[in-house]
Amino acid sequence: MGFTGDYLERCWIKRAVWRGKKAFPGDWYLAGDPLELRLVGKAETTSMDFQSDDVAFVPDADDLLQLIDNQLRSAGADPAKKSITIAYDPDKSWSIDIRCGDGSRYNARNQESIHSGLLYALQVIGQSRC
């Protein structure tokens with residue numbers, strides 16, 4: 001999946017953000033001592049509890065893109081009218097450019113990974129109105 005150590009650490013520190021999320025097969029999470037990246041299996045969907053302080057949900061790119069659409073929708077924008085450009089430059093790392101139908105634009109530059117970039121873009125949108 002390519003999660004960086006920094007991204008996983010951010011997910012662990014911010015694990016309270018995802019409390020109440022229902023578990024689905026294929027969800028990534030951190031648990032254990034030492035922390036280990038794991039995948040929710042079919043049998044775990046009823047027993048996995050993201051409410052616990054011992055578990056942290058780790059959103060993958062698909063999850064983050066869906067959350068961005070949800071954030072745009074809640075801000076009154078039509079997610080179908082947005083465009084997202086994801087670029088990688090070895091000298092500048094990852095950048096995310098989101099353009100909304102109303103002309104507003106959100107950027108995440110110099111991010112260590114696509115996941116960090118999408119998470120940052122999600123936070124920027126949450127602090128603004130698209």
# chains A, B, ... in the order shown; residues from 1 in each chain; ligands from 1
$ closest_atom_pairs --of "range 11-91 of chain A" --to "range 109-123 of chain A" --cutoff "12 Å" --atoms "only C-alpha atoms" --output "CSV"
residue,atom,partner,partner_atom,distance
A:Cys11,CA,A:Leu119,CA,9.9
A:Lys14,CA,A:Leu119,CA,11.5
A:Val17,CA,A:Gln123,CA,11.8
A:Val58,CA,A:His115,CA,9.7
A:Pro59,CA,A:His115,CA,8.0
A:Asp60,CA,A:His115,CA,6.7
A:Ala61,CA,A:His115,CA,5.9
A:Asp62,CA,A:His115,CA,9.6
A:Asp63,CA,A:Leu118,CA,9.7
A:Leu64,CA,A:Leu118,CA,6.2
A:Leu65,CA,A:Leu118,CA,7.2
A:Gln66,CA,A:Leu122,CA,10.0
A:Leu67,CA,A:Leu122,CA,7.3
A:Ile68,CA,A:Leu122,CA,5.5
A:Asp69,CA,A:Leu122,CA,9.1
A:Asn70,CA,A:Leu122,CA,9.7
A:Gln71,CA,A:Leu122,CA,7.3
A:Leu72,CA,A:Leu122,CA,9.1
A:Ala75,CA,A:Leu122,CA,11.9
A:Ile84,CA,A:Leu118,CA,10.0
A:Thr85,CA,A:Leu118,CA,10.8
A:Ile86,CA,A:Ile114,CA,7.8
A:Ala87,CA,A:Ile114,CA,8.8
A:Tyr88,CA,A:Ile114,CA,8.6
A:Asp89,CA,A:Asn110,CA,9.1
A:Pro90,CA,A:Asn110,CA,10.1
A:Asp91,CA,A:Asn110,CA,9.0
$ residues_around --residues "Asp33 in chain A" --least-positions-apart "3" --cutoff "12 Å" --atoms "only C-alpha atoms" --output "MDAnalysis selection string"
chainID A and resid 30 36:37 54:55
$ write_last_selection --atoms "C-alpha atoms" --output "PDB file, in the first residue's frame"
ATOM      1  CA  LEU A  30      -2.844  -0.144  13.345  1.00  0.00           C
ATOM      2  CA  GLU A  36       1.602  -3.282  13.312  1.00  0.00           C
ATOM      3  CA  LEU A  37      -0.290  -2.436  10.121  1.00  0.00           C
ATOM      4  CA  ASP A  54      -5.718   0.366  21.047  1.00  0.00           C
ATOM      5  CA  VAL A  55      -6.718   0.552  17.368  1.00  0.00           C
TER       6      VAL A  55
END
$ residues_around --residues "Arg19 in chain A" --least-positions-apart "4" --cutoff "8 Å" --atoms "only C-alpha atoms" --output "number ranges by chain"
A: 15, 50-52
$ select_by_dssp --residues "range 24-106 of chain A" --states "strand (DSSP E)" --output "number ranges by chain"
A: 28-31, 36-39, 55-58, 83-89, 93-99, 105-106
$ write_last_selection --atoms "N, CA and C atoms" --output "tab-separated table (two decimals), in the first residue's frame"
chain	number	residue	atom	x	y	z
A	28	TRP	N	-7.62	-0.78	6.44
A	28	TRP	CA	-6.31	-0.86	7.09
A	28	TRP	C	-6.42	-0.30	8.49
A	29	TYR	N	-5.65	-0.86	9.42
A	29	TYR	CA	-5.63	-0.34	10.78
A	29	TYR	C	-4.31	-0.67	11.45
A	30	LEU	N	-4.03	0.08	12.52
A	30	LEU	CA	-2.84	-0.14	13.34
A	30	LEU	C	-3.29	-0.71	14.67
A	31	ALA	N	-2.58	-1.70	15.16
A	31	ALA	CA	-2.88	-2.29	16.48
A	31	ALA	C	-1.66	-3.07	16.94
A	36	GLU	N	1.45	-2.55	14.56
A	36	GLU	CA	1.60	-3.28	13.31
A	36	GLU	C	0.45	-2.91	12.39
A	37	LEU	N	0.74	-2.73	11.11
A	37	LEU	CA	-0.29	-2.44	10.12
A	37	LEU	C	-1.00	-3.73	9.77
A	38	ARG	N	-2.32	-3.71	9.87
A	38	ARG	CA	-3.12	-4.91	9.60
A	38	ARG	C	-4.28	-4.57	8.68
A	39	LEU	N	-4.93	-5.60	8.18
A	39	LEU	CA	-6.06	-5.47	7.27
A	39	LEU	C	-7.27	-6.16	7.87
A	55	VAL	N	-6.58	0.78	18.80
A	55	VAL	CA	-6.72	0.55	17.37
A	55	VAL	C	-6.84	1.90	16.66
A	56	ALA	N	-6.20	2.02	15.51
A	56	ALA	CA	-6.31	3.25	14.71
A	56	ALA	C	-6.64	2.89	13.27
A	57	PHE	N	-7.69	3.48	12.73
A	57	PHE	CA	-8.03	3.32	11.33
A	57	PHE	C	-6.99	4.05	10.49
A	58	VAL	N	-6.59	3.43	9.37
A	58	VAL	CA	-5.62	4.03	8.46
A	58	VAL	C	-6.30	4.16	7.10
A	83	SER	N	-12.40	18.58	-9.90
A	83	SER	CA	-11.33	17.80	-10.53
A	83	SER	C	-10.17	17.75	-9.55
A	84	ILE	N	-9.50	16.62	-9.55
A	84	ILE	CA	-8.34	16.44	-8.68
A	84	ILE	C	-7.16	16.05	-9.56
A	85	THR	N	-6.07	16.78	-9.40
A	85	THR	CA	-4.83	16.46	-10.09
A	85	THR	C	-3.82	16.06	-9.03
A	86	ILE	N	-3.27	14.87	-9.17
A	86	ILE	CA	-2.26	14.36	-8.25
A	86	ILE	C	-0.97	14.23	-9.06
A	87	ALA	N	0.08	14.87	-8.56
A	87	ALA	CA	1.35	14.85	-9.29
A	87	ALA	C	2.50	14.50	-8.35
A	88	TYR	N	3.52	13.89	-8.93
A	88	TYR	CA	4.72	13.56	-8.18
A	88	TYR	C	5.94	14.10	-8.91
A	89	ASP	N	6.79	14.79	-8.19
A	89	ASP	CA	8.05	15.29	-8.71
A	89	ASP	C	9.12	14.88	-7.69
A	93	SER	N	8.28	16.28	-4.23
A	93	SER	CA	7.40	15.27	-3.63
A	93	SER	C	6.01	15.31	-4.25
A	94	TRP	N	4.98	15.01	-3.46
A	94	TRP	CA	3.61	14.89	-3.96
A	94	TRP	C	2.88	16.22	-3.88
A	95	SER	N	2.03	16.48	-4.85
A	95	SER	CA	1.15	17.65	-4.78
A	95	SER	C	-0.24	17.25	-5.24
A	96	ILE	N	-1.22	17.85	-4.59
A	96	ILE	CA	-2.63	17.60	-4.89
A	96	ILE	C	-3.26	18.95	-5.23
A	97	ASP	N	-4.00	19.00	-6.31
A	97	ASP	CA	-4.69	20.22	-6.72
A	97	ASP	C	-6.16	19.88	-6.92
A	98	ILE	N	-7.03	20.51	-6.14
A	98	ILE	CA	-8.47	20.27	-6.25
A	98	ILE	C	-9.13	21.54	-6.74
A	99	ARG	N	-9.88	21.44	-7.82
A	99	ARG	CA	-10.64	22.57	-8.37
A	99	ARG	C	-12.12	22.24	-8.30
A	105	ARG	N	-10.26	26.65	-5.35
A	105	ARG	CA	-9.15	25.72	-5.57
A	105	ARG	C	-8.44	25.45	-4.26
A	106	TYR	N	-8.02	24.21	-4.07
A	106	TYR	CA	-7.31	23.80	-2.85
A	106	TYR	C	-6.06	23.04	-3.25
$ closest_residue --among "A:Thr4, A:Arg73, A:Lys21, A:Thr45" --to "Gly101 in chain A" --atoms "only C-alpha atoms"
A:Arg73
$ select_by_dssp --residues "chain A" --states "helix (DSSP H, G or I)" --output "compact mmCIF listing (two decimals) with N, CA and C atoms, in the first residue's frame"
# COMPACT_ATOMS: atom_id res chain seq x y z
N GLY A 5 5.99 5.94 7.27
CA GLY A 5 6.02 5.93 8.73
C GLY A 5 5.37 7.17 9.33
N ASP A 6 5.63 8.33 8.72
CA ASP A 6 5.03 9.59 9.20
C ASP A 6 3.51 9.55 9.11
N TYR A 7 3.01 9.04 7.98
CA TYR A 7 1.56 8.97 7.79
C TYR A 7 0.94 8.04 8.83
N LEU A 8 1.55 6.90 9.05
CA LEU A 8 1.01 5.96 10.04
C LEU A 8 1.03 6.57 11.44
N GLU A 9 2.08 7.31 11.73
CA GLU A 9 2.16 7.97 13.04
C GLU A 9 1.05 9.01 13.19
N ARG A 10 0.79 9.78 12.12
CA ARG A 10 -0.30 10.76 12.15
C ARG A 10 -1.65 10.06 12.36
N CYS A 11 -1.85 8.93 11.70
CA CYS A 11 -3.09 8.18 11.88
C CYS A 11 -3.24 7.71 13.33
N TRP A 12 -2.13 7.26 13.92
CA TRP A 12 -2.19 6.79 15.31
C TRP A 12 -2.51 7.95 16.26
N ILE A 13 -1.83 9.07 16.07
CA ILE A 13 -2.05 10.22 16.94
C ILE A 13 -3.48 10.76 16.80
N ARG A 15 -6.19 9.07 15.93
CA ARG A 15 -7.13 7.94 15.85
C ARG A 15 -8.53 8.28 16.35
N ALA A 16 -8.66 9.25 17.25
CA ALA A 16 -9.98 9.63 17.77
C ALA A 16 -10.88 10.18 16.67
N VAL A 17 -10.28 10.73 15.60
CA VAL A 17 -11.07 11.28 14.48
C VAL A 17 -11.95 10.20 13.85
N TRP A 18 -11.49 8.97 13.84
CA TRP A 18 -12.19 7.89 13.14
C TRP A 18 -13.05 7.05 14.08
N LYS A 42 -12.88 -10.45 6.52
CA LYS A 42 -14.34 -10.62 6.51
C LYS A 42 -14.87 -10.99 7.90
N ALA A 43 -14.18 -11.86 8.61
CA ALA A 43 -14.63 -12.33 9.92
C ALA A 43 -14.51 -11.24 10.99
N GLU A 44 -13.65 -10.25 10.77
CA GLU A 44 -13.41 -9.21 11.77
C GLU A 44 -14.39 -8.05 11.72
N ALA A 61 -5.99 5.62 -0.08
CA ALA A 61 -6.32 6.68 -1.04
C ALA A 61 -7.80 6.68 -1.40
N ASP A 62 -8.40 5.51 -1.59
CA ASP A 62 -9.84 5.44 -1.90
C ASP A 62 -10.67 6.05 -0.78
N ASP A 63 -10.34 5.72 0.47
CA ASP A 63 -11.06 6.29 1.61
C ASP A 63 -10.93 7.80 1.62
N LEU A 64 -9.72 8.30 1.40
CA LEU A 64 -9.48 9.74 1.45
C LEU A 64 -10.21 10.47 0.33
N LEU A 65 -10.24 9.89 -0.86
CA LEU A 65 -10.97 10.51 -1.96
C LEU A 65 -12.47 10.57 -1.65
N GLN A 66 -13.00 9.52 -1.06
CA GLN A 66 -14.41 9.51 -0.68
C GLN A 66 -14.68 10.56 0.41
N LEU A 67 -13.77 10.68 1.37
CA LEU A 67 -13.93 11.68 2.42
C LEU A 67 -13.86 13.10 1.85
N ILE A 68 -13.01 13.32 0.86
CA ILE A 68 -12.96 14.63 0.20
C ILE A 68 -14.29 14.93 -0.47
N ASP A 69 -14.87 13.95 -1.17
CA ASP A 69 -16.19 14.15 -1.78
C ASP A 69 -17.24 14.47 -0.72
N ASN A 70 -17.20 13.75 0.39
CA ASN A 70 -18.15 14.01 1.48
C ASN A 70 -17.97 15.43 2.04
N GLN A 71 -16.73 15.86 2.20
CA GLN A 71 -16.44 17.19 2.72
C GLN A 71 -16.95 18.26 1.76
N LEU A 72 -16.72 18.06 0.47
CA LEU A 72 -17.21 19.01 -0.52
C LEU A 72 -18.73 19.08 -0.51
N ARG A 73 -19.37 17.92 -0.44
CA ARG A 73 -20.83 17.86 -0.41
C ARG A 73 -21.37 18.60 0.82
N SER A 74 -20.74 18.39 1.97
CA SER A 74 -21.23 19.04 3.19
C SER A 74 -21.00 20.55 3.15
N PRO A 79 -19.59 17.32 -5.65
CA PRO A 79 -18.33 16.60 -5.88
C PRO A 79 -18.14 16.16 -7.33
N ALA A 80 -19.23 15.99 -8.06
CA ALA A 80 -19.11 15.57 -9.46
C ALA A 80 -18.53 16.68 -10.33
N LYS A 81 -18.55 17.92 -9.83
CA LYS A 81 -18.03 19.05 -10.60
C LYS A 81 -16.63 19.46 -10.18
N ILE A 114 1.17 10.30 -1.25
CA ILE A 114 -0.16 10.61 -1.76
C ILE A 114 -1.18 10.65 -0.61
N HIS A 115 -1.01 9.76 0.35
CA HIS A 115 -1.93 9.71 1.48
C HIS A 115 -1.84 10.97 2.32
N SER A 116 -0.63 11.42 2.61
CA SER A 116 -0.44 12.65 3.37
C SER A 116 -1.03 13.84 2.62
N GLY A 117 -0.83 13.88 1.31
CA GLY A 117 -1.37 14.96 0.49
C GLY A 117 -2.88 15.00 0.51
N LEU A 118 -3.51 13.85 0.35
CA LEU A 118 -4.98 13.79 0.37
C LEU A 118 -5.53 14.14 1.75
N LEU A 119 -4.86 13.67 2.80
CA LEU A 119 -5.30 13.99 4.15
C LEU A 119 -5.18 15.49 4.42
N TYR A 120 -4.09 16.09 3.96
CA TYR A 120 -3.91 17.53 4.12
C TYR A 120 -4.98 18.30 3.33
N ALA A 121 -5.23 17.88 2.10
CA ALA A 121 -6.27 18.53 1.29
C ALA A 121 -7.64 18.43 1.97
N LEU A 122 -7.92 17.29 2.55
CA LEU A 122 -9.18 17.10 3.28
C LEU A 122 -9.29 18.10 4.42
N GLN A 123 -8.20 18.31 5.15
CA GLN A 123 -8.20 19.27 6.25
C GLN A 123 -8.36 20.70 5.75
N VAL A 124 -7.73 21.04 4.64
CA VAL A 124 -7.83 22.39 4.06
C VAL A 124 -9.28 22.65 3.66
N ILE A 125 -9.90 21.69 3.00
CA ILE A 125 -11.30 21.87 2.59
C ILE A 125 -12.19 22.02 3.81
N GLY A 126 -11.92 21.25 4.85
CA GLY A 126 -12.72 21.32 6.08
C GLY A 126 -12.64 22.68 6.75
N GLN A 127 -11.55 23.39 6.54
CA GLN A 127 -11.38 24.71 7.15
C GLN A 127 -11.90 25.83 6.25
